[in-house]
Each structure stands twice: as C-alpha cells, then as structure tokens.
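work.csv follows (CSV, C-alpha atoms):
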```csv
chain,number,residue,atom,x,y,z
A,310,MET,CA,86.6,-87.7,245.7
A,311,THR,CA,84.6,-90.6,246.9
A,312,VAL,CA,81.4,-90.8,248.9
A,313,ARG,CA,80.7,-93.9,250.8
A,314,LEU,CA,77.1,-94.4,251.5
A,315,THR,CA,75.6,-97.0,253.9
A,316,LEU,CA,71.9,-97.6,253.5
A,317,VAL,CA,70.2,-99.1,256.6
A,318,PRO,CA,66.6,-100.3,256.4
A,319,PRO,CA,64.8,-99.6,259.7
A,320,ALA,CA,64.0,-102.0,262.5
A,321,THR,CA,60.7,-103.7,262.6
A,322,ASN,CA,57.3,-102.3,263.4
A,323,ASP,CA,53.8,-103.6,263.2
A,324,ALA,CA,53.3,-102.7,259.5
A,325,LEU,CA,56.4,-104.7,258.5
A,326,ARG,CA,55.4,-107.8,260.5
A,327,GLU,CA,51.8,-107.6,259.2
A,328,VAL,CA,52.8,-107.2,255.6
A,329,ARG,CA,51.0,-103.9,255.5
A,330,PHE,CA,51.7,-100.8,253.5
A,331,ASP,CA,53.4,-98.5,256.1
A,332,ASP,CA,51.2,-96.1,257.9
A,333,ASP,CA,54.1,-94.3,259.7
A,334,GLY,CA,53.8,-96.3,262.9
A,335,PRO,CA,56.7,-96.3,265.4
A,336,LEU,CA,59.2,-99.1,266.0
A,337,ASP,CA,58.0,-102.0,268.0
A,338,PRO,CA,59.9,-102.7,271.3
A,339,ALA,CA,61.9,-105.7,269.8
A,340,GLY,CA,62.9,-103.6,266.8
A,341,ARG,CA,64.1,-100.7,269.0
A,342,ALA,CA,66.1,-103.1,271.2
A,343,ARG,CA,67.8,-104.7,268.2
A,344,ALA,CA,68.7,-101.3,266.8
A,345,GLU,CA,70.1,-100.1,270.2
A,346,ALA,CA,72.2,-103.3,270.4
A,347,LEU,CA,73.7,-102.5,267.0
A,348,ALA,CA,74.5,-98.9,267.9
A,349,VAL,CA,78.1,-99.8,268.8
A,350,ALA,CA,78.7,-100.8,265.2
A,351,VAL,CA,77.6,-97.5,263.8
A,352,ASP,CA,80.0,-94.5,263.4
A,353,PRO,CA,78.1,-91.6,264.9
A,354,ALA,CA,80.5,-89.1,263.2
A,355,THR,CA,79.2,-89.7,259.7
A,356,ARG,CA,76.7,-87.5,258.0
A,357,ALA,CA,73.4,-89.1,258.6
A,358,TYR,CA,70.0,-88.8,256.9
A,359,ALA,CA,66.7,-90.7,257.3
A,360,SER,CA,63.5,-91.2,255.6
A,361,PRO,CA,61.1,-88.9,257.4
A,362,SER,CA,59.0,-91.8,258.7
A,363,ALA,CA,58.6,-92.5,262.4
A,364,ARG,CA,60.3,-95.9,262.1
A,365,CYS,CA,63.3,-94.6,260.2
A,366,LEU,CA,63.8,-91.6,262.5
A,367,GLY,CA,63.3,-93.9,265.5
A,368,THR,CA,65.8,-96.4,264.1
A,369,ALA,CA,68.4,-93.7,263.5
A,370,ARG,CA,68.0,-92.4,267.1
A,371,ALA,CA,68.3,-96.0,268.4
A,372,LEU,CA,71.5,-96.4,266.4
A,373,GLY,CA,72.9,-93.2,268.0
A,374,LEU,CA,72.7,-91.2,264.8
A,375,ARG,CA,71.7,-87.5,264.5
A,376,ALA,CA,69.9,-88.1,261.2
A,377,GLU,CA,68.6,-85.2,259.2
A,378,PRO,CA,65.1,-86.1,257.8
A,379,ALA,CA,65.4,-86.1,254.0
A,380,PRO,CA,62.0,-85.7,252.1
A,381,ALA,CA,63.7,-87.1,249.0
A,382,LEU,CA,64.3,-90.4,250.9
A,383,ALA,CA,60.6,-90.9,251.9
A,384,GLY,CA,59.1,-94.2,251.1
A,385,CYS,CA,56.9,-94.6,248.1
A,386,ALA,CA,53.6,-92.7,248.5
A,387,MET,CA,51.0,-95.4,248.5
A,388,GLY,CA,47.9,-93.3,248.3
A,389,ARG,CA,44.7,-95.1,249.4
A,390,TRP,CA,46.6,-98.3,250.1
A,391,ARG,CA,48.5,-96.7,253.0
A,392,GLY,CA,48.0,-98.7,256.1
A,393,ARG,CA,46.2,-101.6,254.4
A,394,THR,CA,47.5,-105.2,254.3
A,395,LEU,CA,48.7,-106.7,251.1
A,396,GLU,CA,46.0,-109.4,251.5
A,397,ASP,CA,43.3,-106.7,251.9
A,398,VAL,CA,44.4,-104.9,248.8
A,399,ALA,CA,44.6,-108.1,246.8
A,400,ALA,CA,41.0,-109.0,247.8
A,401,ALA,CA,39.6,-105.5,247.1
A,402,GLU,CA,41.7,-104.4,244.1
A,403,GLU,CA,43.1,-107.5,242.4
A,404,ALA,CA,43.6,-105.9,239.0
A,405,GLY,CA,45.2,-102.8,240.5
A,406,LEU,CA,47.6,-104.8,242.6
A,407,ALA,CA,48.5,-107.0,239.6
A,408,ALA,CA,49.3,-103.8,237.6
A,409,TRP,CA,51.4,-102.4,240.4
A,410,LEU,CA,53.3,-105.6,240.8
A,411,SER,CA,54.1,-105.9,237.1
A,412,ASP,CA,54.5,-102.4,235.8
A,413,PRO,CA,56.9,-99.9,237.5
A,414,GLU,CA,55.0,-97.0,236.0
A,415,ALA,CA,51.6,-98.1,237.5
A,416,ALA,CA,50.1,-96.2,240.4
A,417,PRO,CA,46.6,-97.6,240.8
A,418,HIS,CA,46.6,-96.6,244.5
A,419,GLY,CA,46.6,-92.9,243.5
A,420,GLY,CA,50.1,-92.4,244.9
A,421,GLU,CA,53.6,-92.6,243.4
A,422,SER,CA,54.8,-95.2,240.9
A,423,LEU,CA,57.9,-97.2,241.6
A,424,ARG,CA,59.6,-95.5,238.6
A,425,ASP,CA,58.8,-92.1,240.2
A,426,LEU,CA,60.3,-93.3,243.5
A,427,ARG,CA,63.5,-94.5,241.7
A,428,VAL,CA,63.8,-91.1,239.9
A,429,ARG,CA,63.3,-89.1,243.1
A,430,VAL,CA,65.8,-91.3,245.1
A,431,GLY,CA,68.2,-91.4,242.1
A,432,THR,CA,68.3,-87.6,242.0
A,433,TRP,CA,69.2,-87.4,245.7
A,434,LEU,CA,71.8,-90.2,245.2
A,435,ASP,CA,73.5,-88.5,242.2
A,436,ALA,CA,73.7,-85.1,244.1
A,437,LEU,CA,75.3,-86.9,247.0
A,438,ARG,CA,77.9,-88.5,244.7
A,439,GLU,CA,79.3,-85.0,244.0
A,440,GLY,CA,80.6,-84.8,247.6
A,441,SER,CA,82.9,-87.0,249.6
A,442,GLY,CA,83.2,-88.7,253.0
A,443,ARG,CA,81.0,-91.2,254.8
A,444,VAL,CA,77.2,-91.0,254.9
A,445,THR,CA,74.7,-93.2,256.6
A,446,ALA,CA,71.0,-93.1,255.6
A,447,VAL,CA,68.3,-95.0,257.5
A,448,VAL,CA,65.7,-95.5,254.8
A,449,GLU,CA,62.6,-97.5,254.0
A,450,PRO,CA,63.2,-100.8,252.2
A,451,ASP,CA,61.7,-99.5,248.9
A,452,VAL,CA,64.2,-96.7,249.0
A,453,VAL,CA,67.0,-99.2,249.4
A,454,ARG,CA,65.7,-101.0,246.3
A,455,ALA,CA,65.3,-97.8,244.4
A,456,ALA,CA,68.8,-96.6,245.2
A,457,THR,CA,70.4,-99.9,244.4
A,458,VAL,CA,68.6,-100.2,241.0
A,459,HIS,CA,69.5,-96.6,240.2
A,460,ALA,CA,73.2,-97.0,241.2
A,461,LEU,CA,73.5,-100.1,239.1
A,462,GLY,CA,71.6,-98.7,236.1
A,463,ALA,CA,69.3,-101.7,236.3
A,464,PRO,CA,65.8,-101.7,234.9
A,465,ASP,CA,63.1,-100.5,237.3
A,466,GLU,CA,61.6,-104.0,237.2
A,467,ALA,CA,64.7,-105.4,239.0
A,468,ALA,CA,63.6,-103.6,242.3
A,469,ARG,CA,60.9,-106.2,242.9
A,470,ARG,CA,63.6,-108.9,242.9
A,471,LEU,CA,65.6,-107.4,245.8
A,472,ASP,CA,64.9,-108.6,249.3
A,473,VAL,CA,65.7,-106.0,251.9
A,474,ARG,CA,66.0,-107.2,255.5
A,475,PRO,CA,65.7,-104.9,258.6
A,476,LEU,CA,68.9,-103.5,260.1
A,477,THR,CA,71.2,-104.7,257.4
A,478,ALA,CA,73.7,-102.6,255.5
A,479,VAL,CA,73.9,-101.9,251.8
A,480,HIS,CA,77.1,-100.1,250.8
A,481,LEU,CA,77.5,-97.8,247.8
A,482,SER,CA,80.6,-95.9,246.9
A,483,GLY,CA,80.3,-93.1,244.3
A,484,ARG,CA,83.0,-91.5,242.3
A,485,SER,CA,83.9,-90.6,238.7
A,486,GLY,CA,80.2,-90.3,237.7
A,487,ARG,CA,79.3,-93.9,238.8
A,488,TRP,CA,78.3,-96.0,241.8
A,489,ASN,CA,79.7,-99.3,243.0
A,490,LEU,CA,77.8,-101.7,245.2
A,491,ARG,CA,79.5,-103.7,247.9
A,492,VAL,CA,77.5,-106.8,248.9
A,493,GLY,CA,77.9,-109.8,251.2
A,494,GLU,CA,78.9,-108.2,254.5
A,495,PRO,CA,77.3,-108.3,257.9
A,496,PHE,CA,76.1,-105.0,259.3
A,497,THR,CA,79.1,-103.1,260.7
A,498,GLY,CA,78.0,-99.5,260.5
```
Represent the supplied structure as structure tokens.
Amino acid sequence: MTVRLTLVPPATNDALREVRFDDDGPLDPAGRARAEALAVAVDPATRAYASPSARCLGTARALGLRAEPAPALAGCAMGRWRGRTLEDVAAAEEAGLAAWLSDPEAAPHGGESLRDLRVRVGTWLDALREGSGRVTAVVEPDVVRAATVHALGAPDEAARRLDVRPLTAVHLSGRSGRWNLRVGEPFTG
C-alpha cells in the first residue's frame, strides 16, 4: 500500500509579501487569482487537508479542493512574534531571533520550537503513511519544510535551508515504513 501526498504551499497574502510572521490574514487578490488558474491541474477527487489558517483554507477552496482543516498541520505557533515583520523582530529582539535562527529547539517568542513543529507534523505524516491513495494538503511553508525534513530523516537544522515557493508541489510517497521525495516537477496537482 502506498500513499501519495502532494504538499502545496498557499498562494500569497500580505504577510508573505511583507516578510511578516503570519497573522492568519486572507489571500490577496493576486494570490487567489493564481490559485484559481491552477485549479484545473488539481485532482478534486483526492483526499484533501489544509492547515487551518485563512490563507491555506482559501487556497484550497480556490484550487477546487474540499479540504478538511487539520490542526496537526497548523503553521508554527509564533507566540508574541505573530504578525510582526522579521525586520521589527530583529530590531527589538536581536538575540532571540539569532537563537531561533540557529537552534531548532529555541522558542524565544513564547510559541513553538521548530523541532516541536517537525515532531507534530511528522506524527501526522507517519499516521498518513499507514493508508493508501492520493492525498493533497495545502499547508504553510514551514509545514512543508517540517514534513520534508521528517520524511528524509534529515536533521532539524536542514529545514532552514529549504526554500518553499507559493503554489508549488512537493510530492512524497510513503510505503514500507519510509517516505520518498520526488523533486523537480512543475505543479500539476
């Protein structure tokens, strides 16, 4: 039995464009239009999940998916940094930001560490691997990173080295107690 999972980062919103820790804002008009244009490439018959954020749920709808919100796929809880720009956090909490950027166990913002995020997402991913069929999940970029690092058994530090672009596809296939990553394809659903 094999499960084929496609992870799709959401379309753009103000937080993404402003390099701001997400504050659960909706998609911007350009992001919604781009997602709607890609809807023809997405198989609506697959099981679908989404991070419970407004932009992930909005992206899933624009792609024509009936996505079930999955709390385990929520983006990293950023505590008091939520809604703030990276530049603002760097100016106000330079040491805390440096710790967060260098140590996956650090949570100077009072939220969740990146290691905790990877464990949470990895638990969901491993439970999914026990099934079969096609699954699409519209998830925050940090969830894509966490899932990829977990699937590959890479160190948590590797997540910072993964660039995740909006409305792209990351394909994982799970079987026999392991995951495989398929890279290098344009988004096709």
Do you have, as a tab-separated table, the list of residues of range 316-344 of chain A lying at most 10 Å from range 392-411 of chain A, each with its nearest atom pair and that distance in Å to one decimal, counting only C-alpha atoms and ordered by chain then number?
```
residue	atom	partner	partner_atom	distance
A:Ala324	CA	A:Gly392	CA	7.5
A:Leu325	CA	A:Thr394	CA	9.9
A:Glu327	CA	A:Thr394	CA	6.9
A:Val328	CA	A:Thr394	CA	5.8
A:Arg329	CA	A:Thr394	CA	3.9
A:Phe330	CA	A:Gly392	CA	5.0
A:Asp331	CA	A:Gly392	CA	5.4
A:Asp332	CA	A:Gly392	CA	4.5
A:Asp333	CA	A:Gly392	CA	8.3
A:Gly334	CA	A:Gly392	CA	9.3
```
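Residue neighbourhood of Gly431 in chain A, excluding near-sequence residues (fewer than 5 positions): Ala455, Ala456, His459 and Ala460 of chain A, at 8 Å, using only C-alpha atoms.
Between CA of Leu426 in chain A and CA of Ala463 in chain A the interatomic distance comes to 14.3 Å.
Between CA of Gly462 in chain A and CA of Ala416 in chain A the separation is 22.1 Å.
For the pair CA of Trp433 in chain A and CA of Leu461 in chain A, the interatomic distance is 14.9 Å.
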Please return range 456-467 of chain A, rebuilt to all heavy atoms, as a PDB file, keeping the file's coordinate frame.
```
ATOM      1  N   ALA A 456      67.405 -97.047 245.294  1.00  0.00           N
ATOM      2  CA  ALA A 456      68.800 -96.600 245.200  1.00  0.00           C
ATOM      3  C   ALA A 456      69.703 -97.595 244.590  1.00  0.00           C
ATOM      4  O   ALA A 456      70.569 -97.246 243.773  1.00  0.00           O
ATOM      5  CB  ALA A 456      69.283 -96.216 246.640  1.00  0.00           C
ATOM      6  N   THR A 457      69.516 -98.853 244.933  1.00  0.00           N
ATOM      7  CA  THR A 457      70.400 -99.900 244.400  1.00  0.00           C
ATOM      8  C   THR A 457      70.136-100.054 242.876  1.00  0.00           C
ATOM      9  O   THR A 457      71.094-100.140 242.101  1.00  0.00           O
ATOM     10  CB  THR A 457      70.078-101.244 245.101  1.00  0.00           C
ATOM     11  OG1 THR A 457      70.306-101.066 246.503  1.00  0.00           O
ATOM     12  CG2 THR A 457      70.971-102.352 244.596  1.00  0.00           C
ATOM     13  N   VAL A 458      68.882-100.068 242.456  1.00  0.00           N
ATOM     14  CA  VAL A 458      68.600-100.200 241.000  1.00  0.00           C
ATOM     15  C   VAL A 458      69.147 -98.980 240.277  1.00  0.00           C
ATOM     16  O   VAL A 458      69.761 -99.123 239.215  1.00  0.00           O
ATOM     17  CB  VAL A 458      67.040-100.296 240.822  1.00  0.00           C
ATOM     18  CG1 VAL A 458      66.636-100.034 239.384  1.00  0.00           C
ATOM     19  CG2 VAL A 458      66.564-101.672 241.268  1.00  0.00           C
ATOM     20  N   HIS A 459      68.990 -97.791 240.831  1.00  0.00           N
ATOM     21  CA  HIS A 459      69.500 -96.600 240.200  1.00  0.00           C
ATOM     22  C   HIS A 459      71.055 -96.650 240.103  1.00  0.00           C
ATOM     23  O   HIS A 459      71.641 -96.360 239.054  1.00  0.00           O
ATOM     24  CB  HIS A 459      69.094 -95.336 240.941  1.00  0.00           C
ATOM     25  CG  HIS A 459      69.605 -94.087 240.335  1.00  0.00           C
ATOM     26  ND1 HIS A 459      69.018 -93.508 239.236  1.00  0.00           N
ATOM     27  CD2 HIS A 459      70.689 -93.319 240.634  1.00  0.00           C
ATOM     28  CE1 HIS A 459      69.705 -92.429 238.889  1.00  0.00           C
ATOM     29  NE2 HIS A 459      70.719 -92.295 239.725  1.00  0.00           N
ATOM     30  N   ALA A 460      71.690 -97.012 241.192  1.00  0.00           N
ATOM     31  CA  ALA A 460      73.200 -97.000 241.200  1.00  0.00           C
ATOM     32  C   ALA A 460      73.716 -98.021 240.200  1.00  0.00           C
ATOM     33  O   ALA A 460      74.751 -97.754 239.587  1.00  0.00           O
ATOM     34  CB  ALA A 460      73.640 -97.416 242.633  1.00  0.00           C
ATOM     35  N   LEU A 461      73.041 -99.127 240.008  1.00  0.00           N
ATOM     36  CA  LEU A 461      73.500-100.100 239.100  1.00  0.00           C
ATOM     37  C   LEU A 461      73.071 -99.885 237.637  1.00  0.00           C
ATOM     38  O   LEU A 461      73.521-100.577 236.720  1.00  0.00           O
ATOM     39  CB  LEU A 461      73.052-101.524 239.515  1.00  0.00           C
ATOM     40  CG  LEU A 461      73.620-102.019 240.838  1.00  0.00           C
ATOM     41  CD1 LEU A 461      72.997-103.351 241.218  1.00  0.00           C
ATOM     42  CD2 LEU A 461      75.134-102.112 240.774  1.00  0.00           C
ATOM     43  N   GLY A 462      72.160 -98.925 237.446  1.00  0.00           N
ATOM     44  CA  GLY A 462      71.600 -98.700 236.100  1.00  0.00           C
ATOM     45  C   GLY A 462      70.764 -99.854 235.646  1.00  0.00           C
ATOM     46  O   GLY A 462      70.607-100.094 234.446  1.00  0.00           O
ATOM     47  N   ALA A 463      70.182-100.579 236.594  1.00  0.00           N
ATOM     48  CA  ALA A 463      69.300-101.700 236.300  1.00  0.00           C
ATOM     49  C   ALA A 463      67.933-101.265 235.916  1.00  0.00           C
ATOM     50  O   ALA A 463      67.526-100.158 236.286  1.00  0.00           O
ATOM     51  CB  ALA A 463      69.286-102.678 237.489  1.00  0.00           C
ATOM     52  N   PRO A 464      67.179-102.084 235.216  1.00  0.00           N
ATOM     53  CA  PRO A 464      65.800-101.700 234.900  1.00  0.00           C
ATOM     54  C   PRO A 464      64.956-101.615 236.170  1.00  0.00           C
ATOM     55  O   PRO A 464      65.205-102.332 237.144  1.00  0.00           O
ATOM     56  CB  PRO A 464      65.304-102.812 233.971  1.00  0.00           C
ATOM     57  CG  PRO A 464      66.257-103.939 234.135  1.00  0.00           C
ATOM     58  CD  PRO A 464      67.544-103.381 234.666  1.00  0.00           C
ATOM     59  N   ASP A 465      63.967-100.739 236.148  1.00  0.00           N
ATOM     60  CA  ASP A 465      63.100-100.500 237.300  1.00  0.00           C
ATOM     61  C   ASP A 465      62.473-101.857 237.787  1.00  0.00           C
ATOM     62  O   ASP A 465      62.253-102.044 238.982  1.00  0.00           O
ATOM     63  CB  ASP A 465      62.009 -99.526 237.016  1.00  0.00           C
ATOM     64  CG  ASP A 465      62.573 -98.124 236.841  1.00  0.00           C
ATOM     65  OD1 ASP A 465      63.527 -97.777 237.558  1.00  0.00           O
ATOM     66  OD2 ASP A 465      62.056 -97.389 235.991  1.00  0.00           O
ATOM     67  N   GLU A 466      62.199-102.763 236.884  1.00  0.00           N
ATOM     68  CA  GLU A 466      61.600-104.000 237.200  1.00  0.00           C
ATOM     69  C   GLU A 466      62.458-104.849 238.205  1.00  0.00           C
ATOM     70  O   GLU A 466      61.961-105.684 238.956  1.00  0.00           O
ATOM     71  CB  GLU A 466      61.305-104.885 235.975  1.00  0.00           C
ATOM     72  CG  GLU A 466      60.273-104.305 235.055  1.00  0.00           C
ATOM     73  CD  GLU A 466      60.791-103.200 234.125  1.00  0.00           C
ATOM     74  OE1 GLU A 466      62.004-102.892 234.148  1.00  0.00           O
ATOM     75  OE2 GLU A 466      59.978-102.634 233.380  1.00  0.00           O
ATOM     76  N   ALA A 467      63.759-104.610 238.184  1.00  0.00           N
ATOM     77  CA  ALA A 467      64.700-105.400 239.000  1.00  0.00           C
ATOM     78  C   ALA A 467      64.434-105.077 240.526  1.00  0.00           C
ATOM     79  O   ALA A 467      64.760-105.909 241.379  1.00  0.00           O
ATOM     80  CB  ALA A 467      66.123-105.028 238.686  1.00  0.00           C
TER      81      ALA A 467
END
```
